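Next up, my_file.txt (compact mmCIF, C-alpha atoms and all ligand atoms):
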# COMPACT_ATOMS: atom_id res chain seq x y z
CA MET A 1 96.34 98.29 146.94
CA SER A 2 96.09 100.45 143.86
CA THR A 3 95.12 98.94 140.53
CA SER A 4 96.22 100.45 137.25
CA PRO A 5 93.44 102.11 135.25
CA THR A 6 91.74 100.26 132.45
CA ARG A 7 93.21 101.36 129.15
CA ILE A 8 90.80 101.50 126.23
CA VAL A 9 90.88 102.45 122.59
CA MET A 10 87.69 104.02 121.22
CA LYS A 11 87.41 104.09 117.42
CA PHE A 12 84.74 106.13 115.64
CA GLY A 13 83.83 105.50 111.99
CA GLY A 14 82.69 107.95 109.33
CA THR A 15 79.00 108.21 110.22
CA SER A 16 79.94 108.64 113.89
CA VAL A 17 81.89 111.82 113.04
CA ALA A 18 79.73 112.91 110.09
CA ASP A 19 79.13 116.49 111.31
CA LEU A 20 79.99 118.78 114.22
CA ASP A 21 77.08 117.58 116.36
CA ARG A 22 78.22 113.99 115.94
CA ILE A 23 81.78 115.00 116.82
CA ARG A 24 80.47 116.72 119.96
CA ALA A 25 78.61 113.51 120.81
CA VAL A 26 81.82 111.51 120.32
CA ALA A 27 83.69 113.88 122.64
CA ALA A 28 80.97 113.47 125.28
CA ARG A 29 81.24 109.69 125.02
CA VAL A 30 85.02 109.82 125.42
CA LYS A 31 84.60 112.07 128.45
CA GLU A 32 82.13 109.58 129.92
CA GLU A 33 84.70 106.76 129.75
CA ARG A 34 87.42 109.01 131.11
CA ASP A 35 85.23 110.14 134.02
CA LYS A 36 85.01 106.48 135.03
CA GLY A 37 88.77 106.59 135.59
CA HIS A 38 89.79 104.86 132.36
CA GLN A 39 92.75 105.88 130.23
CA VAL A 40 91.44 106.49 126.73
CA ALA A 41 93.05 106.71 123.29
CA VAL A 42 90.77 107.71 120.42
CA VAL A 43 91.05 106.74 116.73
CA VAL A 44 88.89 108.52 114.15
CA SER A 45 87.89 108.04 110.51
CA ALA A 46 87.18 110.80 108.03
CA MET A 47 83.71 112.41 108.11
CA ALA A 48 81.20 110.28 106.18
CA GLY A 49 81.56 110.73 102.42
CA VAL A 50 84.85 112.62 102.58
CA THR A 51 87.12 109.72 101.59
CA ASN A 52 84.83 108.85 98.66
CA ARG A 53 84.98 112.45 97.48
CA MET A 54 88.79 112.50 97.69
CA VAL A 55 89.08 109.19 95.82
CA GLY A 56 86.71 110.62 93.18
CA TYR A 57 88.89 113.72 92.74
CA CYS A 58 92.03 111.60 92.18
CA HIS A 59 90.38 109.23 89.71
CA ALA A 60 88.69 112.05 87.82
CA LEU A 61 92.13 113.49 87.07
CA ASP A 62 93.68 110.11 86.31
CA PRO A 63 92.12 106.64 86.79
CA MET A 64 95.64 105.27 87.35
CA ALA A 65 96.70 108.16 89.61
CA ASP A 66 100.15 108.02 91.29
CA ALA A 67 99.45 106.03 94.46
CA ARG A 68 101.72 108.27 96.60
CA GLU A 69 99.78 111.38 95.63
CA TYR A 70 96.49 109.48 96.05
CA ASP A 71 97.58 108.76 99.64
CA ALA A 72 98.52 112.40 100.24
CA VAL A 73 95.00 113.38 99.18
CA VAL A 74 92.83 110.69 100.81
CA ALA A 75 94.67 110.75 104.17
CA SER A 76 93.53 114.36 104.62
CA GLY A 77 90.05 113.37 105.81
CA GLU A 78 91.38 111.79 108.99
CA GLN A 79 93.70 114.73 109.65
CA VAL A 80 90.64 116.99 109.79
CA THR A 81 88.58 114.78 112.13
CA SER A 82 91.45 114.14 114.53
CA GLY A 83 91.91 117.90 114.97
CA LEU A 84 88.19 118.59 115.25
CA THR A 85 87.69 115.83 117.82
CA ALA A 86 90.57 117.18 119.91
CA ILE A 87 88.99 120.64 119.80
CA ALA A 88 85.58 119.21 120.81
CA LEU A 89 87.20 117.37 123.75
CA GLN A 90 89.01 120.52 124.88
CA ALA A 91 85.69 122.39 124.74
CA LEU A 92 84.37 119.87 127.29
CA GLY A 93 87.37 120.53 129.53
CA VAL A 94 89.17 117.31 128.54
CA PRO A 95 92.86 117.81 127.65
CA ALA A 96 93.40 116.29 124.20
CA ARG A 97 95.68 116.46 121.17
CA SER A 98 95.64 115.07 117.65
CA TRP A 99 98.27 112.64 116.31
CA GLN A 100 98.91 112.10 112.60
CA GLY A 101 100.25 108.74 111.43
CA TRP A 102 103.77 110.07 110.82
CA GLN A 103 103.95 111.66 114.28
CA ILE A 104 103.39 108.43 116.24
CA PRO A 105 104.95 106.99 113.99
CA PHE A 106 102.77 104.43 112.33
CA ARG A 107 105.21 102.63 110.00
CA THR A 108 103.88 100.76 106.98
CA ASP A 109 105.29 99.00 103.94
CA GLU A 110 105.60 100.78 100.58
CA ALA A 111 102.31 99.49 99.08
CA HIS A 112 100.73 102.94 98.75
CA GLY A 113 96.93 102.84 98.68
CA LYS A 114 96.74 99.53 100.54
CA ALA A 115 99.75 99.64 102.83
CA ARG A 116 100.34 97.10 105.56
CA ILE A 117 101.30 98.17 109.08
CA GLU A 118 104.81 97.07 110.03
CA ASP A 119 105.27 98.71 113.38
CA VAL A 120 103.47 101.14 115.66
CA GLU A 121 105.41 102.99 118.33
CA GLY A 122 103.36 103.10 121.55
CA ALA A 123 105.74 105.22 123.67
CA ALA A 124 104.59 108.70 122.64
CA LEU A 125 100.91 107.81 122.99
CA LEU A 126 101.51 106.25 126.41
CA ALA A 127 103.41 109.32 127.58
CA CYS A 128 100.55 111.49 126.34
CA MET A 129 98.02 109.40 128.27
CA GLU A 130 100.18 109.41 131.41
CA GLN A 131 99.97 113.19 131.39
CA GLY A 132 96.19 112.97 131.38
CA VAL A 133 95.90 114.06 127.76
CA VAL A 134 93.64 112.09 125.41
CA PRO A 135 95.46 111.24 122.17
CA VAL A 136 93.19 111.49 119.13
CA VAL A 137 94.82 109.43 116.39
CA ALA A 138 94.07 109.95 112.70
CA GLY A 139 93.09 106.48 111.47
CA PHE A 140 93.78 105.02 108.01
CA GLN A 141 97.21 106.65 107.61
CA GLY A 142 100.84 105.89 108.25
CA VAL A 143 104.28 106.64 106.91
CA ALA A 144 105.96 104.47 104.26
CA PRO A 145 109.71 103.68 104.04
CA ASP A 146 110.02 106.46 101.44
CA GLN A 147 108.95 108.86 104.26
CA ARG A 148 105.73 109.67 102.42
CA ILE A 149 102.19 109.36 103.74
CA SER A 150 100.60 105.96 103.17
CA THR A 151 97.02 104.74 103.64
CA LEU A 152 95.81 101.33 104.74
CA GLY A 153 93.08 100.55 102.20
CA ARG A 154 89.35 101.31 102.49
CA GLY A 155 87.99 100.75 105.97
CA GLY A 156 91.55 100.92 107.31
CA SER A 157 90.78 102.93 110.45
CA ASP A 158 89.60 99.71 112.09
CA THR A 159 93.10 98.34 111.60
CA SER A 160 94.64 101.56 112.92
CA ALA A 161 92.55 101.16 116.09
CA VAL A 162 93.59 97.56 116.66
CA ALA A 163 97.24 98.45 115.99
CA VAL A 164 97.07 101.29 118.52
CA ALA A 165 95.42 98.94 121.04
CA ALA A 166 98.24 96.43 120.56
CA ALA A 167 100.94 99.12 120.80
CA ILE A 168 99.65 100.57 124.07
CA LYS A 169 98.57 97.17 125.42
CA ALA A 170 94.97 98.29 125.81
CA ASP A 171 92.51 96.17 127.74
CA ARG A 172 89.87 96.66 125.02
CA CYS A 173 89.39 98.10 121.57
CA ASP A 174 85.86 99.45 121.12
CA ILE A 175 84.82 100.02 117.51
CA TYR A 176 81.92 102.49 117.45
CA THR A 177 79.89 102.45 114.24
CA ASP A 178 76.34 102.96 112.90
CA VAL A 179 75.03 99.51 113.89
CA ASP A 180 75.04 98.08 117.41
CA GLY A 181 77.09 94.99 116.71
CA ILE A 182 78.04 92.23 114.29
CA TYR A 183 75.01 90.56 112.76
CA THR A 184 74.36 87.31 110.92
CA THR A 185 74.28 89.46 107.78
CA ASP A 186 74.13 93.16 106.90
CA PRO A 187 71.19 94.42 109.00
CA ARG A 188 70.54 97.09 106.38
CA ILE A 189 69.66 94.41 103.85
CA VAL A 190 67.95 91.83 106.05
CA LYS A 191 65.61 93.15 108.74
CA LYS A 192 65.56 89.69 110.37
CA ALA A 193 69.36 89.66 110.81
CA ARG A 194 70.32 88.54 114.30
CA LYS A 195 72.96 90.23 116.45
CA LEU A 196 75.80 87.96 117.52
CA GLU A 197 76.95 88.43 121.14
CA ARG A 198 80.20 86.72 120.21
CA ILE A 199 81.88 85.69 117.01
CA ALA A 200 85.11 83.72 116.53
CA PHE A 201 88.12 85.51 115.02
CA GLU A 202 88.29 83.01 112.20
CA GLU A 203 84.65 83.47 111.24
CA MET A 204 84.86 87.25 111.42
CA LEU A 205 88.05 87.12 109.36
CA GLU A 206 86.31 85.08 106.67
CA LEU A 207 83.13 87.22 106.74
CA ALA A 208 85.17 90.41 106.45
CA SER A 209 87.28 89.02 103.62
CA VAL A 210 84.15 88.22 101.60
CA GLY A 211 82.58 91.64 102.07
CA ALA A 212 81.05 92.21 105.54
CA LYS A 213 82.58 95.63 105.88
CA VAL A 214 81.69 96.13 109.55
CA LEU A 215 85.39 95.41 110.28
CA GLN A 216 88.29 95.66 107.86
CA THR A 217 89.74 92.18 107.26
CA ARG A 218 93.23 93.15 108.37
CA SER A 219 91.93 94.53 111.67
CA VAL A 220 90.54 91.10 112.52
CA GLY A 221 93.76 89.30 111.56
CA LEU A 222 95.81 91.74 113.61
CA ALA A 223 93.50 91.43 116.64
CA MET A 224 93.77 87.65 116.43
CA LYS A 225 97.57 87.77 116.27
CA GLU A 226 98.02 90.43 118.95
CA LYS A 227 95.22 89.14 121.20
CA VAL A 228 93.34 92.43 121.21
CA ARG A 229 89.80 92.29 122.60
CA VAL A 230 87.63 93.87 119.93
CA ARG A 231 84.06 94.95 120.56
CA VAL A 232 81.72 96.46 117.95
CA LEU A 233 78.98 98.79 119.17
CA SER A 234 76.84 101.75 118.15
CA SER A 235 77.86 105.36 118.60
CA PHE A 236 74.17 106.26 118.33
CA ALA A 237 72.82 104.20 121.27
CA PRO A 238 73.62 105.12 124.89
CA MET A 239 76.70 103.32 126.22
CA THR A 240 74.82 101.89 129.20
CA GLU A 241 72.15 100.27 127.05
CA GLN A 242 74.26 98.08 124.80
CA SER A 243 76.70 95.22 125.02
CA GLY A 244 77.77 95.17 121.37
CA SER A 245 79.45 92.13 119.83
CA LEU A 246 82.77 90.65 120.95
CA VAL A 247 85.27 89.00 118.63
CA VAL A 248 86.78 86.09 120.59
CA ASP A 249 88.68 82.81 120.34
CA GLU A 250 86.68 79.86 119.05
CA ASP A 251 86.74 78.09 122.42
CA GLU A 252 85.01 81.06 124.10
CA ILE A 253 81.87 80.37 122.11
CA MET A 254 79.39 78.07 123.81
CA GLU A 255 76.79 77.37 121.16
CA LYS A 256 78.37 76.70 117.82
CA GLU A 257 76.15 77.21 114.81
CA LEU A 258 76.79 75.48 111.49
CA VAL A 259 76.50 78.75 109.63
CA THR A 260 77.48 82.02 111.33
CA GLY A 261 76.74 84.55 108.67
CA ILE A 262 76.19 85.62 105.10
CA ALA A 263 78.06 88.38 103.31
CA TYR A 264 77.93 89.99 99.89
CA SER A 265 80.44 91.88 97.84
CA LEU A 266 79.63 94.20 94.98
CA ASP A 267 83.32 94.98 94.56
CA GLU A 268 84.08 92.27 92.02
CA ALA A 269 83.97 92.14 88.25
CA LYS A 270 83.85 89.03 86.08
CA ILE A 271 86.27 88.51 83.21
CA SER A 272 85.85 85.70 80.68
CA VAL A 273 88.72 84.87 78.34
CA ARG A 274 87.00 82.93 75.60
CA ARG A 275 88.11 80.47 72.92
CA ILE A 276 91.59 79.83 74.26
CA PRO A 277 93.69 76.79 73.28
CA ASP A 278 93.07 73.89 75.73
CA ARG A 279 96.76 73.15 76.38
CA PRO A 280 99.12 72.82 79.35
CA GLY A 281 100.35 76.24 80.49
CA ILE A 282 97.30 78.21 79.39
CA ALA A 283 96.32 79.06 82.98
CA ALA A 284 99.84 80.31 83.66
CA ALA A 285 99.75 82.36 80.44
CA ILE A 286 96.62 84.13 81.67
CA PHE A 287 97.33 84.54 85.38
CA SER A 288 101.07 85.32 85.42
CA PRO A 289 100.60 88.68 83.66
CA LEU A 290 97.84 89.51 86.13
CA THR A 291 100.12 88.77 89.07
CA ALA A 292 102.83 90.92 87.49
CA ALA A 293 100.27 93.75 87.20
CA ARG A 294 99.43 93.32 90.95
CA VAL A 295 95.87 92.25 90.17
CA ASN A 296 94.31 89.93 92.75
CA VAL A 297 92.26 87.16 91.20
CA ASP A 298 89.53 85.71 93.39
CA MET A 299 87.15 83.09 91.94
CA ILE A 300 88.22 80.98 88.94
CA VAL A 301 86.42 78.51 86.69
CA GLN A 302 87.69 76.82 83.53
CA SER A 303 85.02 75.23 81.38
CA VAL A 304 85.41 71.71 80.00
CA GLY A 305 87.21 71.97 76.69
CA SER A 306 85.93 70.76 73.34
CA ASP A 307 87.59 70.77 69.91
CA GLY A 308 90.85 71.77 71.60
CA MET A 309 89.35 75.05 72.84
CA THR A 310 88.20 76.17 76.28
CA ASN A 311 87.12 79.27 78.28
CA MET A 312 88.54 80.71 81.49
CA THR A 313 86.33 82.86 83.73
CA PHE A 314 87.48 84.62 86.89
CA THR A 315 86.80 87.63 89.11
CA VAL A 316 88.99 90.59 90.06
CA GLY A 317 88.33 93.68 92.18
CA LYS A 318 86.33 96.30 90.24
CA ALA A 319 89.16 98.75 90.91
CA ASP A 320 91.59 96.39 89.14
CA GLN A 321 89.40 95.63 86.13
CA ALA A 322 91.03 98.15 83.75
CA ARG A 323 94.53 97.06 84.75
CA ALA A 324 93.61 93.38 84.32
CA LEU A 325 92.29 93.96 80.80
CA ALA A 326 95.34 95.94 79.80
CA ALA A 327 97.62 93.17 81.11
CA LEU A 328 95.72 90.47 79.18
CA GLU A 329 95.58 92.47 75.96
CA ALA A 330 99.33 93.04 76.15
CA GLU A 331 99.76 89.23 76.10
CA SER A 332 97.24 88.47 73.34
CA ASP A 333 99.96 86.89 71.16
CA VAL A 334 100.80 84.37 73.88
CA ILE A 335 97.29 83.62 75.15
CA GLN A 336 95.71 83.51 71.67
CA TYR A 337 92.19 84.15 72.93
CA GLY A 338 89.14 84.57 70.70
CA GLU A 339 87.68 87.38 72.79
CA ILE A 340 87.50 88.82 76.30
CA GLN A 341 84.13 89.59 77.91
CA THR A 342 83.66 91.55 81.11
CA ASP A 343 80.66 91.96 83.40
CA SER A 344 80.64 94.20 86.45
CA ASP A 345 76.93 93.76 87.24
CA VAL A 346 77.70 90.83 89.51
CA VAL A 347 77.66 90.16 93.23
CA LYS A 348 79.49 87.53 95.23
CA ILE A 349 77.40 85.97 97.98
CA SER A 350 79.17 83.94 100.66
CA VAL A 351 77.97 81.68 103.44
CA VAL A 352 80.45 81.31 106.33
CA GLY A 353 80.57 78.99 109.32
CA ILE A 354 83.02 76.87 111.29
CA GLY A 355 80.40 74.09 111.26
CA MET A 356 81.12 73.54 107.58
CA ARG A 357 84.33 71.78 108.51
CA SER A 358 82.39 68.85 109.86
CA HIS A 359 79.05 68.93 108.03
CA SER A 360 78.36 68.00 104.45
CA GLY A 361 75.40 69.21 102.43
CA MET A 362 75.94 72.86 103.28
CA ALA A 363 76.62 73.75 99.64
CA SER A 364 73.56 71.97 98.28
CA THR A 365 71.29 74.07 100.54
CA MET A 366 72.79 77.12 98.88
CA PHE A 367 72.38 75.86 95.33
CA GLU A 368 68.82 74.60 95.92
CA THR A 369 67.73 77.87 97.55
CA LEU A 370 69.06 79.89 94.62
CA ALA A 371 67.60 77.49 92.05
CA GLU A 372 64.14 77.74 93.65
CA ARG A 373 64.28 81.50 93.08
CA GLY A 374 65.45 81.08 89.49
CA ILE A 375 68.85 82.63 90.25
CA ASN A 376 71.65 81.44 87.99
CA VAL A 377 75.03 80.65 89.58
CA GLN A 378 77.89 81.85 87.37
CA VAL A 379 81.00 80.93 89.38
CA ILE A 380 81.50 78.94 92.60
CA SER A 381 84.38 78.83 95.05
CA THR A 382 84.80 77.18 98.43
CA SER A 383 87.20 77.11 101.35
CA GLU A 384 87.21 75.14 104.59
CA ILE A 385 84.58 77.34 106.25
CA LYS A 386 83.00 79.20 103.31
CA ILE A 387 81.04 78.77 100.09
CA SER A 388 80.79 81.64 97.62
CA VAL A 389 78.77 82.07 94.44
CA LEU A 390 78.77 84.78 91.83
CA ILE A 391 75.32 85.85 90.60
CA ALA A 392 73.75 88.80 88.77
CA ALA A 393 73.85 91.92 90.97
CA GLU A 394 70.09 92.50 90.64
CA TYR A 395 69.40 89.40 92.77
CA MET A 396 71.62 90.46 95.66
CA GLU A 397 68.91 91.28 98.21
CA LEU A 398 66.66 88.41 97.19
CA ALA A 399 69.50 85.90 97.46
CA VAL A 400 70.83 87.13 100.81
CA ARG A 401 67.35 87.09 102.37
CA ALA A 402 66.48 83.66 100.99
CA LEU A 403 69.76 82.14 102.16
CA HIS A 404 69.43 83.79 105.57
CA THR A 405 66.10 82.01 106.01
CA ALA A 406 67.30 78.73 104.47
CA TYR A 407 70.22 78.42 106.89
CA GLY A 408 67.95 79.12 109.88
CA LEU A 409 69.53 82.47 110.72
CA ASP A 410 66.38 84.63 110.88
CA ALA A 411 65.64 86.27 114.23
CA ASP A 412 62.37 85.16 115.84
P1 LIG B 501 82.26 102.84 109.80
O1 LIG B 501 82.17 104.06 108.95
O2 LIG B 501 81.78 103.08 111.20
O3 LIG B 501 83.59 102.18 109.75
P2 LIG B 501 81.21 100.89 107.94
O4 LIG B 501 80.20 101.41 106.98
O5 LIG B 501 82.58 100.67 107.47
O6 LIG B 501 81.17 101.83 109.22
O7 LIG B 501 80.68 99.50 108.56
C1 LIG B 501 79.41 99.43 109.17
C2 LIG B 501 78.41 98.88 108.17
O8 LIG B 501 78.72 97.52 107.89
C3 LIG B 501 76.98 98.81 108.68
O9 LIG B 501 76.31 100.02 108.47
C4 LIG B 501 76.38 97.67 107.87
O10 LIG B 501 75.59 98.15 106.80
C5 LIG B 501 77.59 96.94 107.28
N1 LIG B 501 77.60 95.49 107.54
C6 LIG B 501 77.83 94.54 106.60
N2 LIG B 501 77.76 93.33 107.12
C7 LIG B 501 77.48 93.47 108.44
C8 LIG B 501 77.30 92.55 109.51
N3 LIG B 501 77.39 91.23 109.33
N4 LIG B 501 77.03 93.05 110.74
C9 LIG B 501 76.94 94.39 110.94
N5 LIG B 501 77.10 95.30 109.95
C10 LIG B 501 77.38 94.86 108.72
N1 LIG B 502 88.13 106.93 105.76
C1 LIG B 502 88.62 105.66 105.26
C2 LIG B 502 87.59 105.02 104.33
O1 LIG B 502 86.52 105.56 104.13
C3 LIG B 502 89.02 104.73 106.36
C4 LIG B 502 87.91 104.29 107.26
O2 LIG B 502 86.84 104.91 107.34
O3 LIG B 502 88.10 103.29 107.97
O4 LIG B 502 87.86 103.99 103.79
MG MG B 503 84.48 100.92 108.29

Give the structure from this file in C-alpha cells form.
Ligand code: ADP
Ligand code: ASP
Ligand code: MG
Amino acid sequence: MSTSPTRIVMKFGGTSVADLDRIRAVAARVKEERDKGHQVAVVVSAMAGVTNRMVGYCHALDPMADAREYDAVVASGEQVTSGLTAIALQALGVPARSWQGWQIPFRTDEAHGKARIEDVEGAALLACMEQGVVPVVAGFQGVAPDQRISTLGRGGSDTSAVAVAAAIKADRCDIYTDVDGIYTTDPRIVKKARKLERIAFEEMLELASVGAKVLQTRSVGLAMKEKVRVRVLSSFAPMTEQSGSLVVDEDEIMEKELVTGIAYSLDEAKISVRRIPDRPGIAAAIFSPLTAARVNVDMIVQSVGSDGMTNMTFTVGKADQARALAALEAESDVIQYGEIQTDSDVVKISVVGIGMRSHSGMASTMFETLAERGINVQVISTSEIKISVLIAAEYMELAVRALHTAYGLDAD
C-alpha cells in the first residue's frame, strides 16, 4: 500500500533570510525535509530590514503616499528573496522556482497596504510540486481587483504561508523565525518567559491582535477557519533538536492556565479631545469622522463630565495619527472642542487568558502590580479573555516583567 507524501509549507521570516549565508541555510533545511520524502512549498519574507527601508523611502517622499505605489515598492523585498532562495535550492541540486503573488494568483481585496486575501489558487503550486519542483512563494503580496500588486500588512508573510497551506491542503505549516516557539511573553524582553508547547487559536489570536508579533493576527484567524496546523520554530536551531510551539483547538490543551501570556504594543498613540460639550451625540461627532477617514480606534475612555463639559481620550495606530488629527480638525465646528492633545510615548500592555472567562479578580492583580511600581494607568479596556492598559512607554519593560511574575508565568 502506498501512502501519499506529507505535504508541508515552510515559511521563513526576515531574519531567517537576512543574508546569503542564511538563505543557503534555509535551502539546506528545505532539502532536508524533501530528502525525507515530503512535498515542500516554501514561503519567504523580505531580507531583514528591507521592508522597513522601502516603507521609509515611500514616507520620506510623501507621508500619505498613494497606497498602490506603496505596495509596488514594498512588495519588491519578497520578490528578491523568492528568487534568491530558488537559486540557492538549485545550487544544492533541488529543482525550484519562484512564484510572485500575481502568478499564483493570490487574490486580495482592494485595501492596498493592508489587503485581505480573498482566494488563493492551489492548482499551479500543486502541479509544480507534482513535478518535483519546490515552489518558492513570495510572501506578503497578492493581486488586487484593479490588477495591481497589493500587500497584506506588516508581518503578512505569515498569512501568505497559512493561505498557501490551506490552498494546497498541506498537512502542516511550519513558521520558521528567530525564536524557537511561542512564549508567555516576548522572550527578548523577559528572560524568564516560558515556551508554550501548545496554545489555543483563540488565545494566540488575542495575543497577536494586542501586539505579540510572532504571528500576524490574520494568519491565526485564517488557520483557525481553514484548520491549518501551524507550528512556530527556530530557523537557527537544528530541526532535530526542537519541537516548536503548536497552535491548536482549545480542547487539545490539557492543562489550562488562567493567564496564557502578556503582550505589548508600541504602535498606538493617545489622542485626547478636551473640553467638549457633554451632550448626546458627542461621541458620534468625534468617531464618525474617524471611521470615514478609515482610522481604527482601539481603547476609549470618556471622563465624567462637570459644568456641562467633558473629555474624550482614545488610541489609534501611530500610522493613523496624522490622518485622525486632520479628520478631527476638519470637524472642529461640529465637535466644538477646547483643544486636542496627543501623546505617542505610550505602550499598551495586555494580559490574555481563556481562564479569565471564569475567574474574577484578574484585573485587580494587574492594577495592584502596576500601582506597587508607581506606574500610572491612563486608559483601560477589556474583552472576554483580555485586559489592556495604556501606560507611559518608558515603563514597558518594567511592567511586562512585573506582570509576568505576578501572574505566575515565570519559568523556574
Ligand atoms: P519574522 O521576521 O520571522 O516574521 P518577527 O520579528 O515578525 O519574525 O516575529 C518574531 C519575534 O516576535 C521574536 O523575535 C520576538 O521578539 C517577538 N515576540 C513577541 N511576542 C512573542 C511571544 N509571545 N513569543 C515569541 N516571540 C514573540
Ligand atoms: N516583509 C514584510 C514585513 O516586514 C512581511 C513579513 O515579513 O511578514 O512586514
Ligand atoms: Mg513576522

Problem - Residues near segment 26-34 of chain A, cut-off 12 Å, only C-alpha atoms, skip fewer than 5 positions along chain, as a VMD selection string - result: chain A and resid 5 to 21 39 to 44 81 to 96 129 132 to 136 174 176 to 177 234 to 240

Selection export as a PDB file, keeping the file's coordinate frame, atoms kept: C-alpha atoms:
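Generated file (selection_32.pdb):
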ATOM      1  CA  PRO A   5      93.440 102.110 135.250  1.00  0.00           C
ATOM      2  CA  THR A   6      91.740 100.260 132.450  1.00  0.00           C
ATOM      3  CA  ARG A   7      93.210 101.360 129.150  1.00  0.00           C
ATOM      4  CA  ILE A   8      90.800 101.500 126.230  1.00  0.00           C
ATOM      5  CA  VAL A   9      90.880 102.450 122.590  1.00  0.00           C
ATOM      6  CA  MET A  10      87.690 104.020 121.220  1.00  0.00           C
ATOM      7  CA  LYS A  11      87.410 104.090 117.420  1.00  0.00           C
ATOM      8  CA  PHE A  12      84.740 106.130 115.640  1.00  0.00           C
ATOM      9  CA  GLY A  13      83.830 105.500 111.990  1.00  0.00           C
ATOM     10  CA  GLY A  14      82.690 107.950 109.330  1.00  0.00           C
ATOM     11  CA  THR A  15      79.000 108.210 110.220  1.00  0.00           C
ATOM     12  CA  SER A  16      79.940 108.640 113.890  1.00  0.00           C
ATOM     13  CA  VAL A  17      81.890 111.820 113.040  1.00  0.00           C
ATOM     14  CA  ALA A  18      79.730 112.910 110.090  1.00  0.00           C
ATOM     15  CA  ASP A  19      79.130 116.490 111.310  1.00  0.00           C
ATOM     16  CA  LEU A  20      79.990 118.780 114.220  1.00  0.00           C
ATOM     17  CA  ASP A  21      77.080 117.580 116.360  1.00  0.00           C
ATOM     18  CA  GLN A  39      92.750 105.880 130.230  1.00  0.00           C
ATOM     19  CA  VAL A  40      91.440 106.490 126.730  1.00  0.00           C
ATOM     20  CA  ALA A  41      93.050 106.710 123.290  1.00  0.00           C
ATOM     21  CA  VAL A  42      90.770 107.710 120.420  1.00  0.00           C
ATOM     22  CA  VAL A  43      91.050 106.740 116.730  1.00  0.00           C
ATOM     23  CA  VAL A  44      88.890 108.520 114.150  1.00  0.00           C
ATOM     24  CA  THR A  81      88.580 114.780 112.130  1.00  0.00           C
ATOM     25  CA  SER A  82      91.450 114.140 114.530  1.00  0.00           C
ATOM     26  CA  GLY A  83      91.910 117.900 114.970  1.00  0.00           C
ATOM     27  CA  LEU A  84      88.190 118.590 115.250  1.00  0.00           C
ATOM     28  CA  THR A  85      87.690 115.830 117.820  1.00  0.00           C
ATOM     29  CA  ALA A  86      90.570 117.180 119.910  1.00  0.00           C
ATOM     30  CA  ILE A  87      88.990 120.640 119.800  1.00  0.00           C
ATOM     31  CA  ALA A  88      85.580 119.210 120.810  1.00  0.00           C
ATOM     32  CA  LEU A  89      87.200 117.370 123.750  1.00  0.00           C
ATOM     33  CA  GLN A  90      89.010 120.520 124.880  1.00  0.00           C
ATOM     34  CA  ALA A  91      85.690 122.390 124.740  1.00  0.00           C
ATOM     35  CA  LEU A  92      84.370 119.870 127.290  1.00  0.00           C
ATOM     36  CA  GLY A  93      87.370 120.530 129.530  1.00  0.00           C
ATOM     37  CA  VAL A  94      89.170 117.310 128.540  1.00  0.00           C
ATOM     38  CA  PRO A  95      92.860 117.810 127.650  1.00  0.00           C
ATOM     39  CA  ALA A  96      93.400 116.290 124.200  1.00  0.00           C
ATOM     40  CA  MET A 129      98.020 109.400 128.270  1.00  0.00           C
ATOM     41  CA  GLY A 132      96.190 112.970 131.380  1.00  0.00           C
ATOM     42  CA  VAL A 133      95.900 114.060 127.760  1.00  0.00           C
ATOM     43  CA  VAL A 134      93.640 112.090 125.410  1.00  0.00           C
ATOM     44  CA  PRO A 135      95.460 111.240 122.170  1.00  0.00           C
ATOM     45  CA  VAL A 136      93.190 111.490 119.130  1.00  0.00           C
ATOM     46  CA  ASP A 174      85.860  99.450 121.120  1.00  0.00           C
ATOM     47  CA  TYR A 176      81.920 102.490 117.450  1.00  0.00           C
ATOM     48  CA  THR A 177      79.890 102.450 114.240  1.00  0.00           C
ATOM     49  CA  SER A 234      76.840 101.750 118.150  1.00  0.00           C
ATOM     50  CA  SER A 235      77.860 105.360 118.600  1.00  0.00           C
ATOM     51  CA  PHE A 236      74.170 106.260 118.330  1.00  0.00           C
ATOM     52  CA  ALA A 237      72.820 104.200 121.270  1.00  0.00           C
ATOM     53  CA  PRO A 238      73.620 105.120 124.890  1.00  0.00           C
ATOM     54  CA  MET A 239      76.700 103.320 126.220  1.00  0.00           C
ATOM     55  CA  THR A 240      74.820 101.890 129.200  1.00  0.00           C
TER      56      THR A 240
END

Practice task
Go through the chains and note each residue within 6 Å of ligand LIG 501 (chain B), using all atoms listed in the file, then give the set as a ChimeraX atom specification.
Solution key: /A:13-15,155,177-179,181-186,188,212-214

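Considering all atoms listed in the file, the residue among A:Leu207, A:Val352, A:Val377, A:Ala292 positioned nearest to Ala324 of chain A is A:Ala292.
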
Handout entry: Shell of 9 Å around Met309 of chain A, only C-alpha atoms, local chain residues under 3 positions omitted, as number ranges by chain
Key = A: 274-279, 304-306

Problem - Interatomic distance, atom CA of Ser150 of chain A to atom CA of Ala269 of chain A (Å, one decimal) - result: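 Those two atoms sit 26.3 Å apart.
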
Problem - Expected answer as a PyMOL selection string: residues within 6 Å of ligand LIG 502 (chain B), all atoms listed in the file - result: chain A and resi 13-14+45-46+51+140+154-158

Practice task
Find the residues near Ser360 of chain A: any atom within 12 Å, counting only C-alpha atoms, skip ones fewer than 5 places away on the same chain, and give them as a VMD selection string.
Solution key: chain A and resid 258 355 365 384 to 385 387

Practice task
Might you pull out every residue within 10 Å of Asp410 of chain A, with only C-alpha atoms counted and same-chain residues fewer than 4 positions away left off, and present them as JSON, numbers by chain?
Solution key: {"A": [184, 185, 190, 191, 192, 193, 194, 401, 402, 403, 404, 405, 406]}

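Distance-wise, atom CA of Met299 of chain A and atom CA of Asn376 of chain A end up 16.1 Å apart.
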
Practice task
Using all atoms listed in the file, determine which residues lie at most 7 Å from Lys318 of chain A, disregarding the query and same-chain residues fewer than 2 positions distant; provide the list as number ranges by chain.
Solution key: A: 267-269, 316, 320-321

For the selection just defined, write its residues with C-alpha atoms to a file, as a compact mmCIF listing (two decimals), keeping the file's coordinate frame.
# COMPACT_ATOMS: atom_id res chain seq x y z
CA ASP A 267 83.32 94.98 94.56
CA GLU A 268 84.08 92.27 92.02
CA ALA A 269 83.97 92.14 88.25
CA VAL A 316 88.99 90.59 90.06
CA ASP A 320 91.59 96.39 89.14
CA GLN A 321 89.40 95.63 86.13
